$ cat protein_37.cif   # mmCIF, C-alpha atoms
data_structure
loop_
_atom_site.group_PDB
_atom_site.id
_atom_site.type_symbol
_atom_site.label_atom_id
_atom_site.label_comp_id
_atom_site.auth_asym_id
_atom_site.auth_seq_id
_atom_site.Cartn_x
_atom_site.Cartn_y
_atom_site.Cartn_z
ATOM 1 C CA MET U 1 0.000 0.000 0.000
ATOM 2 C CA GLN U 2 2.755 2.424 0.860
ATOM 3 C CA GLN U 3 4.627 1.498 -2.320
ATOM 4 C CA LYS U 4 1.555 2.274 -4.489
ATOM 5 C CA LEU U 5 1.134 5.661 -2.878
ATOM 6 C CA LYS U 6 4.704 6.514 -3.684
ATOM 7 C CA LYS U 7 4.267 5.522 -7.341
ATOM 8 C CA ILE U 8 1.158 7.702 -7.698
ATOM 9 C CA ALA U 9 2.423 10.697 -5.697
ATOM 10 C CA ILE U 10 5.656 11.199 -7.586
ATOM 11 C CA PRO U 11 4.089 11.831 -11.073
ATOM 12 C CA THR U 12 1.394 13.999 -9.523
ATOM 13 C CA ILE U 13 3.899 16.159 -7.717
ATOM 14 C CA TYR U 14 5.903 16.461 -10.946
ATOM 15 C CA VAL U 15 2.852 17.561 -12.965
ATOM 16 C CA LEU U 16 1.798 20.076 -10.327
ATOM 17 C CA SER U 17 5.343 21.478 -10.221
ATOM 18 C CA VAL U 18 5.359 21.983 -13.996
ATOM 19 C CA VAL U 19 1.961 23.684 -13.915
ATOM 20 C CA ALA U 20 3.012 25.947 -11.034
ATOM 21 C CA PHE U 21 6.231 26.886 -12.861
ATOM 22 C CA GLY U 22 4.308 27.721 -16.017
ATOM 23 C CA LEU U 23 1.783 29.848 -14.147
ATOM 24 C CA SER U 24 4.550 31.727 -12.350
ATOM 25 C CA ILE U 25 6.251 32.509 -15.687
ATOM 26 C CA TYR U 26 2.941 33.787 -17.126
ATOM 27 C CA PHE U 27 2.217 36.069 -14.175
ATOM 28 C CA ILE U 28 5.785 37.410 -14.165
ATOM 29 C CA GLN U 29 5.520 38.287 -17.888
ATOM 30 C CA LEU U 30 2.142 39.923 -17.315
ATOM 31 C CA ILE U 31 3.486 42.083 -14.498
ATOM 32 C CA VAL U 32 6.586 43.108 -16.438
ATOM 33 C CA SER U 33 4.486 43.957 -19.488
ATOM 34 C CA ASN U 34 2.195 46.236 -17.504
ATOM 35 C CA VAL U 35 5.048 48.029 -15.745
ATOM 36 C CA VAL U 36 7.317 48.584 -18.738
ATOM 37 C CA PHE U 37 4.823 49.401 -21.448
ATOM 38 C CA GLN U 38 2.198 51.390 -19.614
ATOM 39 C CA ASP U 39 1.922 55.105 -20.558
ATOM 40 C CA PRO U 40 3.571 57.061 -17.719
ATOM 41 C CA GLU U 41 1.895 60.290 -18.925
ATOM 42 C CA PRO U 42 -1.551 59.548 -20.339
ATOM 43 C CA ASN U 43 -1.877 63.107 -21.690
ATOM 44 C CA LEU U 44 1.397 62.976 -23.601
ATOM 45 C CA LYS U 45 0.914 63.135 -27.389
ATOM 46 C CA TYR U 46 3.514 61.921 -29.831
ATOM 47 C CA VAL U 47 4.158 63.829 -33.061
ATOM 48 C CA ASP U 48 5.009 61.814 -36.107
ATOM 49 C CA LYS U 49 7.369 62.817 -38.905
ATOM 50 C CA GLU U 50 4.573 63.885 -41.242
ATOM 51 C CA ILE U 51 3.180 66.428 -38.758
ATOM 52 C CA LEU U 52 6.636 67.790 -38.035
ATOM 53 C CA GLU U 53 7.299 68.298 -41.719
ATOM 54 C CA GLU U 54 3.959 69.901 -42.563
ATOM 55 C CA SER U 55 2.572 71.699 -39.516
ATOM 56 C CA TYR U 56 5.767 72.715 -37.746
ATOM 57 C CA SER U 57 8.003 73.599 -40.674
ATOM 58 C CA ILE U 58 9.837 76.944 -40.238
ATOM 59 C CA PRO U 59 9.533 79.239 -43.264
ATOM 60 C CA VAL U 60 12.737 80.626 -44.745
ATOM 61 C CA ILE U 61 12.758 84.424 -44.857
ATOM 62 C CA GLY U 62 13.966 85.669 -48.225
ATOM 63 C CA ASN U 63 16.531 88.380 -48.629
ATOM 64 C CA GLU U 64 14.761 91.520 -49.851
ATOM 65 C CA THR U 65 17.682 93.939 -50.005
ATOM 66 C CA THR U 66 16.789 97.232 -51.650
ATOM 67 C CA ILE U 67 19.267 99.484 -53.446
ATOM 68 C CA ILE U 68 19.521 102.814 -51.617
ATOM 69 C CA ARG U 69 20.775 106.194 -52.764
ATOM 70 C CA PRO U 70 24.483 107.024 -52.271
ATOM 71 C CA TYR U 71 23.761 109.758 -49.736
ATOM 72 C CA LEU U 72 21.802 110.314 -46.531
ATOM 73 C CA ASP U 73 20.855 113.996 -46.731
ATOM 74 C CA THR U 74 17.364 114.834 -47.942
ATOM 75 C CA ASP U 75 18.137 118.232 -49.516
ATOM 76 C CA ILE U 76 20.311 116.898 -52.334
ATOM 77 C CA SER U 77 19.363 117.541 -55.954
ATOM 78 C CA ILE U 78 20.449 116.276 -59.357
ATOM 79 C CA ALA U 79 22.971 118.623 -60.970
ATOM 80 C CA LYS U 80 23.469 116.537 -64.107
ATOM 81 C CA ASN U 81 21.381 113.661 -65.376
ATOM 82 C CA TYR U 82 22.452 110.328 -66.790
ATOM 83 C CA TYR U 83 22.382 110.489 -70.582
ATOM 84 C CA ASP U 84 19.471 108.326 -71.652
ATOM 85 C CA TYR U 85 18.795 107.893 -75.386
ATOM 86 C CA GLN U 86 15.108 107.390 -74.611
ATOM 87 C CA SER U 87 14.785 110.448 -72.399
ATOM 88 C CA ASP U 88 13.324 113.790 -73.447
ATOM 89 C CA VAL U 89 15.419 116.571 -74.996
ATOM 90 C CA THR U 90 15.617 118.619 -71.791
ATOM 91 C CA ASN U 91 17.099 115.772 -69.775
ATOM 92 C CA GLN U 92 19.494 114.894 -72.579
ATOM 93 C CA GLU U 93 20.750 118.465 -72.737
ATOM 94 C CA ASN U 94 21.294 118.429 -68.983
ATOM 95 C CA ALA U 95 23.260 115.187 -69.379
ATOM 96 C CA ILE U 96 25.897 116.653 -71.715
ATOM 97 C CA ILE U 97 29.358 117.406 -70.299
ATOM 98 C CA TYR U 98 31.541 120.010 -71.987
ATOM 99 C CA TYR U 99 35.229 119.575 -71.236
ATOM 100 C CA GLU U 100 38.197 120.996 -73.166
ATOM 101 C CA ASN U 101 36.141 121.857 -76.239
ATOM 102 C CA THR U 102 34.564 118.400 -76.292
ATOM 103 C CA TYR U 103 30.928 117.400 -75.651
ATOM 104 C CA MET U 104 30.461 114.125 -73.807
ATOM 105 C CA GLN U 105 27.452 112.128 -72.640
ATOM 106 C CA ASN U 106 27.222 111.777 -68.880
ATOM 107 C CA SER U 107 27.614 108.130 -67.841
ATOM 108 C CA GLY U 108 26.265 108.681 -64.338
ATOM 109 C CA VAL U 109 24.309 111.128 -62.211
ATOM 110 C CA ASP U 110 25.803 114.148 -60.444
ATOM 111 C CA TYR U 111 24.336 115.041 -57.049
ATOM 112 C CA ARG U 112 25.005 118.220 -55.126
ATOM 113 C CA LYS U 113 23.949 120.570 -52.337
ATOM 114 C CA GLU U 114 25.378 123.657 -50.714
ATOM 115 C CA GLY U 115 28.417 122.383 -48.861
ATOM 116 C CA THR U 116 29.730 118.846 -48.492
ATOM 117 C CA PHE U 117 27.658 115.778 -47.669
ATOM 118 C CA ASP U 118 28.365 112.176 -46.659
ATOM 119 C CA VAL U 119 28.567 109.546 -49.401
ATOM 120 C CA VAL U 120 27.428 106.021 -48.517
ATOM 121 C CA ALA U 121 27.546 102.546 -50.077
ATOM 122 C CA VAL U 122 24.318 101.676 -51.884
ATOM 123 C CA LEU U 123 24.662 97.955 -50.995
ATOM 124 C CA ASP U 124 26.871 95.617 -49.009
ATOM 125 C CA GLY U 125 30.021 94.864 -50.952
ATOM 126 C CA THR U 126 33.794 94.798 -51.300
ATOM 127 C CA VAL U 127 35.947 97.759 -52.276
ATOM 128 C CA ILE U 128 37.788 96.834 -55.489
ATOM 129 C CA ASN U 129 39.413 100.159 -56.323
ATOM 130 C CA VAL U 130 40.429 103.414 -54.635
ATOM 131 C CA LYS U 131 42.349 105.930 -56.704
ATOM 132 C CA GLU U 132 42.943 109.592 -57.454
ATOM 133 C CA ASP U 133 42.313 110.858 -60.970
ATOM 134 C CA ASN U 134 43.404 114.295 -62.208
ATOM 135 C CA ILE U 135 40.198 114.761 -64.185
ATOM 136 C CA LEU U 136 37.543 112.786 -62.281
ATOM 137 C CA GLY U 137 38.834 113.370 -58.761
ATOM 138 C CA ASN U 138 39.053 110.705 -56.049
ATOM 139 C CA ILE U 139 37.262 107.472 -56.947
ATOM 140 C CA VAL U 140 35.938 104.470 -55.020
ATOM 141 C CA GLU U 141 34.574 101.352 -56.723
ATOM 142 C CA ILE U 142 32.582 98.677 -54.869
ATOM 143 C CA ARG U 143 31.555 95.240 -56.089
ATOM 144 C CA HIS U 144 28.197 93.913 -54.896
ATOM 145 C CA ASN U 145 26.123 90.761 -55.366
ATOM 146 C CA ASN U 146 24.038 90.189 -58.506
ATOM 147 C CA GLU U 147 26.841 91.471 -60.776
ATOM 148 C CA ILE U 148 26.480 95.070 -59.588
ATOM 149 C CA ILE U 149 29.342 97.566 -59.316
ATOM 150 C CA SER U 150 28.902 101.058 -57.906
ATOM 151 C CA VAL U 151 31.358 103.874 -58.688
ATOM 152 C CA TYR U 152 31.721 107.042 -56.616
ATOM 153 C CA GLN U 153 33.711 109.896 -58.173
ATOM 154 C CA SER U 154 34.666 113.418 -57.075
ATOM 155 C CA LEU U 155 35.141 112.363 -53.464
ATOM 156 C CA SER U 156 36.961 113.856 -50.508
ATOM 157 C CA ASP U 157 37.884 112.380 -47.109
ATOM 158 C CA ILE U 158 37.724 108.760 -48.300
ATOM 159 C CA THR U 159 37.398 106.360 -45.359
ATOM 160 C CA VAL U 160 37.843 102.972 -47.098
ATOM 161 C CA LYS U 161 40.638 101.106 -48.863
ATOM 162 C CA ILE U 162 40.919 98.280 -51.373
ATOM 163 C CA ASP U 163 39.577 94.904 -50.139
ATOM 164 C CA ASP U 164 37.552 96.498 -47.351
ATOM 165 C CA THR U 165 34.133 94.961 -46.762
ATOM 166 C CA VAL U 166 31.477 97.667 -46.502
ATOM 167 C CA LEU U 167 27.870 97.578 -45.364
ATOM 168 C CA GLN U 168 24.917 99.214 -47.024
ATOM 169 C CA GLY U 169 24.624 102.793 -45.786
ATOM 170 C CA GLN U 170 28.211 102.901 -44.519
ATOM 171 C CA ILE U 171 29.954 106.234 -45.086
ATOM 172 C CA ILE U 172 32.813 105.804 -47.563
ATOM 173 C CA GLY U 173 33.741 109.485 -47.988
ATOM 174 C CA LYS U 174 32.378 112.964 -48.620
ATOM 175 C CA SER U 175 31.431 114.915 -51.701
ATOM 176 C CA GLY U 176 34.256 116.801 -53.365
ATOM 177 C CA VAL U 177 35.375 118.476 -56.569
ATOM 178 C CA ASN U 178 36.839 117.381 -59.887
ATOM 179 C CA ASN U 179 38.190 119.040 -63.016
ATOM 180 C CA ILE U 180 35.686 117.711 -65.540
ATOM 181 C CA ASN U 181 32.754 119.471 -63.851
ATOM 182 C CA LYS U 182 34.320 122.398 -62.036
ATOM 183 C CA GLN U 183 31.142 124.458 -62.305
ATOM 184 C CA LEU U 184 29.332 121.970 -60.038
ATOM 185 C CA LYS U 185 31.798 122.655 -57.232
ATOM 186 C CA GLU U 186 31.400 120.116 -54.424
ATOM 187 C CA HIS U 187 29.292 117.200 -55.604
ATOM 188 C CA LEU U 188 29.155 113.437 -56.109
ATOM 189 C CA HIS U 189 29.338 111.784 -59.494
ATOM 190 C CA PHE U 190 27.747 108.334 -59.162
ATOM 191 C CA GLU U 191 27.751 105.515 -61.698
ATOM 192 C CA LEU U 192 26.096 102.099 -61.555
ATOM 193 C CA TYR U 193 27.055 99.043 -63.587
ATOM 194 C CA TYR U 194 24.847 95.979 -63.926
ATOM 195 C CA LYS U 195 26.232 92.873 -65.672
ATOM 196 C CA GLY U 196 29.041 94.961 -67.130
ATOM 197 C CA MET U 197 26.783 97.647 -68.613
ATOM 198 C CA VAL U 198 26.449 101.186 -67.301
ATOM 199 C CA VAL U 199 22.823 101.959 -66.341
ATOM 200 C CA ASN U 200 20.825 104.919 -65.113
ATOM 201 C CA PRO U 201 21.062 104.790 -61.298
ATOM 202 C CA GLU U 202 17.764 106.628 -60.920
ATOM 203 C CA ASN U 203 15.988 103.602 -62.410
ATOM 204 C CA TYR U 204 17.498 101.248 -59.813
ATOM 205 C CA PHE U 205 17.128 103.067 -56.500
ATOM 206 C CA GLY U 206 14.427 101.435 -54.403
ATOM 207 C CA LYS U 207 14.518 98.194 -56.385
ATOM 208 C CA LYS U 208 14.999 94.850 -54.693
ATOM 209 C CA LEU U 209 17.871 92.691 -55.916
ATOM 210 C CA GLN U 210 15.398 89.947 -56.798
ATOM 211 C CA GLU U 211 13.671 92.343 -59.203
ATOM 212 C CA LEU U 212 16.741 92.877 -61.368
#
$ encode --input "protein_37.cif" --output "structure tokens"
Amino acid sequence: MQQKLKKIAIPTIYVLSVVAFGLSIYFIQLIVSNVVFQDPEPNLKYVDKEILEESYSIPVIGNETTIIRPYLDTDISIAKNYYDYQSDVTNQENAIIYYENTYMQNSGVDYRKEGTFDVVAVLDGTVINVKEDNILGNIVEIRHNNEIISVYQSLSDITVKIDDTVLQGQIIGKSGVNNINKQLKEHLHFELYYKGMVVNPENYFGKKLQEL
């Protein structure tokens, strides 16, 4: 009788042990799953890549640099116009330069006022030339973006040198005199070149670079 009990008890104990082990593994996995994968902050919202790209994209602000006039004073007037073939007769006559018995077409605009005035860079750029000319007076040339070069003639008190980087509106000198237009006395002769061609500066002031 005792021997039979032993034979029956051993398999039963073995089966119960296996079942208990399996149940313990199941409950352990269930507990771990609830602890690890539960949402610690129920109100937290996750943003996917598509929302980030569409709703939260940061717009790029375009550069809208505008060409300014080469002076700051408001009481400056045009003493000589740029010679424009399409302009009226009056403006063309005002754009003729007479020097040593020769008539020449003005390739820029001459600005003046009573007394000297500050001359400024019309755009950010790099100074590519500073020189003194017996006829045209002191000259500064600045290269800008978009294939633009500005030329300032008849200057005095120049404050820049070759290879200097200048900012738009920065003072580069003062108005002065030259020998080709002595009758204008102190003034600024300003020329503007776009893609290698001289243009009428008055048609470019106030324009954005993107409009050229």
$ residues_around --input "protein_37.cif" --residues "Ile162 (chain U)" --least-positions-apart "3" --cutoff "9 Å" --atoms "all atoms listed in the file" --output "count of residues only"
8
$ atom_distance --input "protein_37.cif" --atom1 "CA of Val151 (chain U)" --atom2 "CA of Ile139 (chain U)"
7.1 Å
$ atom_distance --input "protein_37.cif" --atom1 "CA of Lys207 (chain U)" --atom2 "CA of Gln168 (chain U)"
14.0 Å
$ resolve_selection --input "protein_37.cif" --expression "the PyMOL selection byres ((chain U and resi 197) around 12)" --output "PyMOL selection string"
chain U and resi 107-108+147-150+191-196+198-201
$ atom_distance --input "protein_37.cif" --atom1 "CA of Tyr204 (chain U)" --atom2 "CA of Ile67 (chain U)"
6.8 Å
$ resolve_selection --input "protein_37.cif" --expression "the PyMOL selection byres ((chain U and resi 186) around 12)" --output "number ranges by chain"
U: 76, 79, 110-118, 137, 153-156, 174-179, 181-185, 187-189
$ closest_residue --input "protein_37.cif" --among "U:Glu93, U:Asp164, U:Asp88, U:Phe190" --to "Asn138 (chain U)" --atoms "all atoms listed in the file"
U:Phe190
$ closest_residue --input "protein_37.cif" --among "U:Tyr82, U:Asp133, U:Leu123, U:Phe205" --to "Ala95 (chain U)" --atoms "all atoms listed in the file"
U:Tyr82
$ closest_residue --input "protein_37.cif" --among "U:Tyr99, U:Leu212, U:Ala121, U:Asn146" --to "Leu167 (chain U)" --atoms "all atoms listed in the file"
U:Ala121
$ resolve_selection --input "protein_37.cif" --expression "the PyMOL selection byres ((chain U and resi 66) around 7)" --output "VMD selection string"
chain U and resid 64 to 65 67 to 68 206 to 209
$ closest_residue --input "protein_37.cif" --among "U:Asp75, U:Gly125, U:Thr102, U:Asn134" --to "Asp163 (chain U)" --atoms "all atoms listed in the file"
U:Gly125
$ residues_near_point --input "protein_37.cif" --point "(28.2, 119.0, -67.6)" --cutoff "8 Å" --atoms "all atoms listed in the file" --output "list in words"
Lys80, Asn94, Ala95, Ile96, Ile97, Tyr98, Tyr99, Asn106, Ile180 and Asn181 of chain U
$ closest_residue --input "protein_37.cif" --among "U:Val160, U:Met104, U:Val109, U:Ile78" --to "Lys131 (chain U)" --atoms "only C-alpha atoms"
U:Val160
$ decode --input "protein_37.cif" --residues "region 91-156 of chain U" --atoms "C-alpha atoms" --output "PDB file, in the first residue's frame"
ATOM      1  CA  ASN U  91      17.099 115.772 -69.775  1.00  0.00           C
ATOM      2  CA  GLN U  92      19.494 114.894 -72.579  1.00  0.00           C
ATOM      3  CA  GLU U  93      20.750 118.465 -72.737  1.00  0.00           C
ATOM      4  CA  ASN U  94      21.294 118.429 -68.983  1.00  0.00           C
ATOM      5  CA  ALA U  95      23.260 115.187 -69.379  1.00  0.00           C
ATOM      6  CA  ILE U  96      25.897 116.653 -71.715  1.00  0.00           C
ATOM      7  CA  ILE U  97      29.358 117.406 -70.299  1.00  0.00           C
ATOM      8  CA  TYR U  98      31.541 120.010 -71.987  1.00  0.00           C
ATOM      9  CA  TYR U  99      35.229 119.575 -71.236  1.00  0.00           C
ATOM     10  CA  GLU U 100      38.197 120.996 -73.166  1.00  0.00           C
ATOM     11  CA  ASN U 101      36.141 121.857 -76.239  1.00  0.00           C
ATOM     12  CA  THR U 102      34.564 118.400 -76.292  1.00  0.00           C
ATOM     13  CA  TYR U 103      30.928 117.400 -75.651  1.00  0.00           C
ATOM     14  CA  MET U 104      30.461 114.125 -73.807  1.00  0.00           C
ATOM     15  CA  GLN U 105      27.452 112.128 -72.640  1.00  0.00           C
ATOM     16  CA  ASN U 106      27.222 111.777 -68.880  1.00  0.00           C
ATOM     17  CA  SER U 107      27.614 108.130 -67.841  1.00  0.00           C
ATOM     18  CA  GLY U 108      26.265 108.681 -64.338  1.00  0.00           C
ATOM     19  CA  VAL U 109      24.309 111.128 -62.211  1.00  0.00           C
ATOM     20  CA  ASP U 110      25.803 114.148 -60.444  1.00  0.00           C
ATOM     21  CA  TYR U 111      24.336 115.041 -57.049  1.00  0.00           C
ATOM     22  CA  ARG U 112      25.005 118.220 -55.126  1.00  0.00           C
ATOM     23  CA  LYS U 113      23.949 120.570 -52.337  1.00  0.00           C
ATOM     24  CA  GLU U 114      25.378 123.657 -50.714  1.00  0.00           C
ATOM     25  CA  GLY U 115      28.417 122.383 -48.861  1.00  0.00           C
ATOM     26  CA  THR U 116      29.730 118.846 -48.492  1.00  0.00           C
ATOM     27  CA  PHE U 117      27.658 115.778 -47.669  1.00  0.00           C
ATOM     28  CA  ASP U 118      28.365 112.176 -46.659  1.00  0.00           C
ATOM     29  CA  VAL U 119      28.567 109.546 -49.401  1.00  0.00           C
ATOM     30  CA  VAL U 120      27.428 106.021 -48.517  1.00  0.00           C
ATOM     31  CA  ALA U 121      27.546 102.546 -50.077  1.00  0.00           C
ATOM     32  CA  VAL U 122      24.318 101.676 -51.884  1.00  0.00           C
ATOM     33  CA  LEU U 123      24.662  97.955 -50.995  1.00  0.00           C
ATOM     34  CA  ASP U 124      26.871  95.617 -49.009  1.00  0.00           C
ATOM     35  CA  GLY U 125      30.021  94.864 -50.952  1.00  0.00           C
ATOM     36  CA  THR U 126      33.794  94.798 -51.300  1.00  0.00           C
ATOM     37  CA  VAL U 127      35.947  97.759 -52.276  1.00  0.00           C
ATOM     38  CA  ILE U 128      37.788  96.834 -55.489  1.00  0.00           C
ATOM     39  CA  ASN U 129      39.413 100.159 -56.323  1.00  0.00           C
ATOM     40  CA  VAL U 130      40.429 103.414 -54.635  1.00  0.00           C
ATOM     41  CA  LYS U 131      42.349 105.930 -56.704  1.00  0.00           C
ATOM     42  CA  GLU U 132      42.943 109.592 -57.454  1.00  0.00           C
ATOM     43  CA  ASP U 133      42.313 110.858 -60.970  1.00  0.00           C
ATOM     44  CA  ASN U 134      43.404 114.295 -62.208  1.00  0.00           C
ATOM     45  CA  ILE U 135      40.198 114.761 -64.185  1.00  0.00           C
ATOM     46  CA  LEU U 136      37.543 112.786 -62.281  1.00  0.00           C
ATOM     47  CA  GLY U 137      38.834 113.370 -58.761  1.00  0.00           C
ATOM     48  CA  ASN U 138      39.053 110.705 -56.049  1.00  0.00           C
ATOM     49  CA  ILE U 139      37.262 107.472 -56.947  1.00  0.00           C
ATOM     50  CA  VAL U 140      35.938 104.470 -55.020  1.00  0.00           C
ATOM     51  CA  GLU U 141      34.574 101.352 -56.723  1.00  0.00           C
ATOM     52  CA  ILE U 142      32.582  98.677 -54.869  1.00  0.00           C
ATOM     53  CA  ARG U 143      31.555  95.240 -56.089  1.00  0.00           C
ATOM     54  CA  HIS U 144      28.197  93.913 -54.896  1.00  0.00           C
ATOM     55  CA  ASN U 145      26.123  90.761 -55.366  1.00  0.00           C
ATOM     56  CA  ASN U 146      24.038  90.189 -58.506  1.00  0.00           C
ATOM     57  CA  GLU U 147      26.841  91.471 -60.776  1.00  0.00           C
ATOM     58  CA  ILE U 148      26.480  95.070 -59.588  1.00  0.00           C
ATOM     59  CA  ILE U 149      29.342  97.566 -59.316  1.00  0.00           C
ATOM     60  CA  SER U 150      28.902 101.058 -57.906  1.00  0.00           C
ATOM     61  CA  VAL U 151      31.358 103.874 -58.688  1.00  0.00           C
ATOM     62  CA  TYR U 152      31.721 107.042 -56.616  1.00  0.00           C
ATOM     63  CA  GLN U 153      33.711 109.896 -58.173  1.00  0.00           C
ATOM     64  CA  SER U 154      34.666 113.418 -57.075  1.00  0.00           C
ATOM     65  CA  LEU U 155      35.141 112.363 -53.464  1.00  0.00           C
ATOM     66  CA  SER U 156      36.961 113.856 -50.508  1.00  0.00           C
TER      67      SER U 156
END
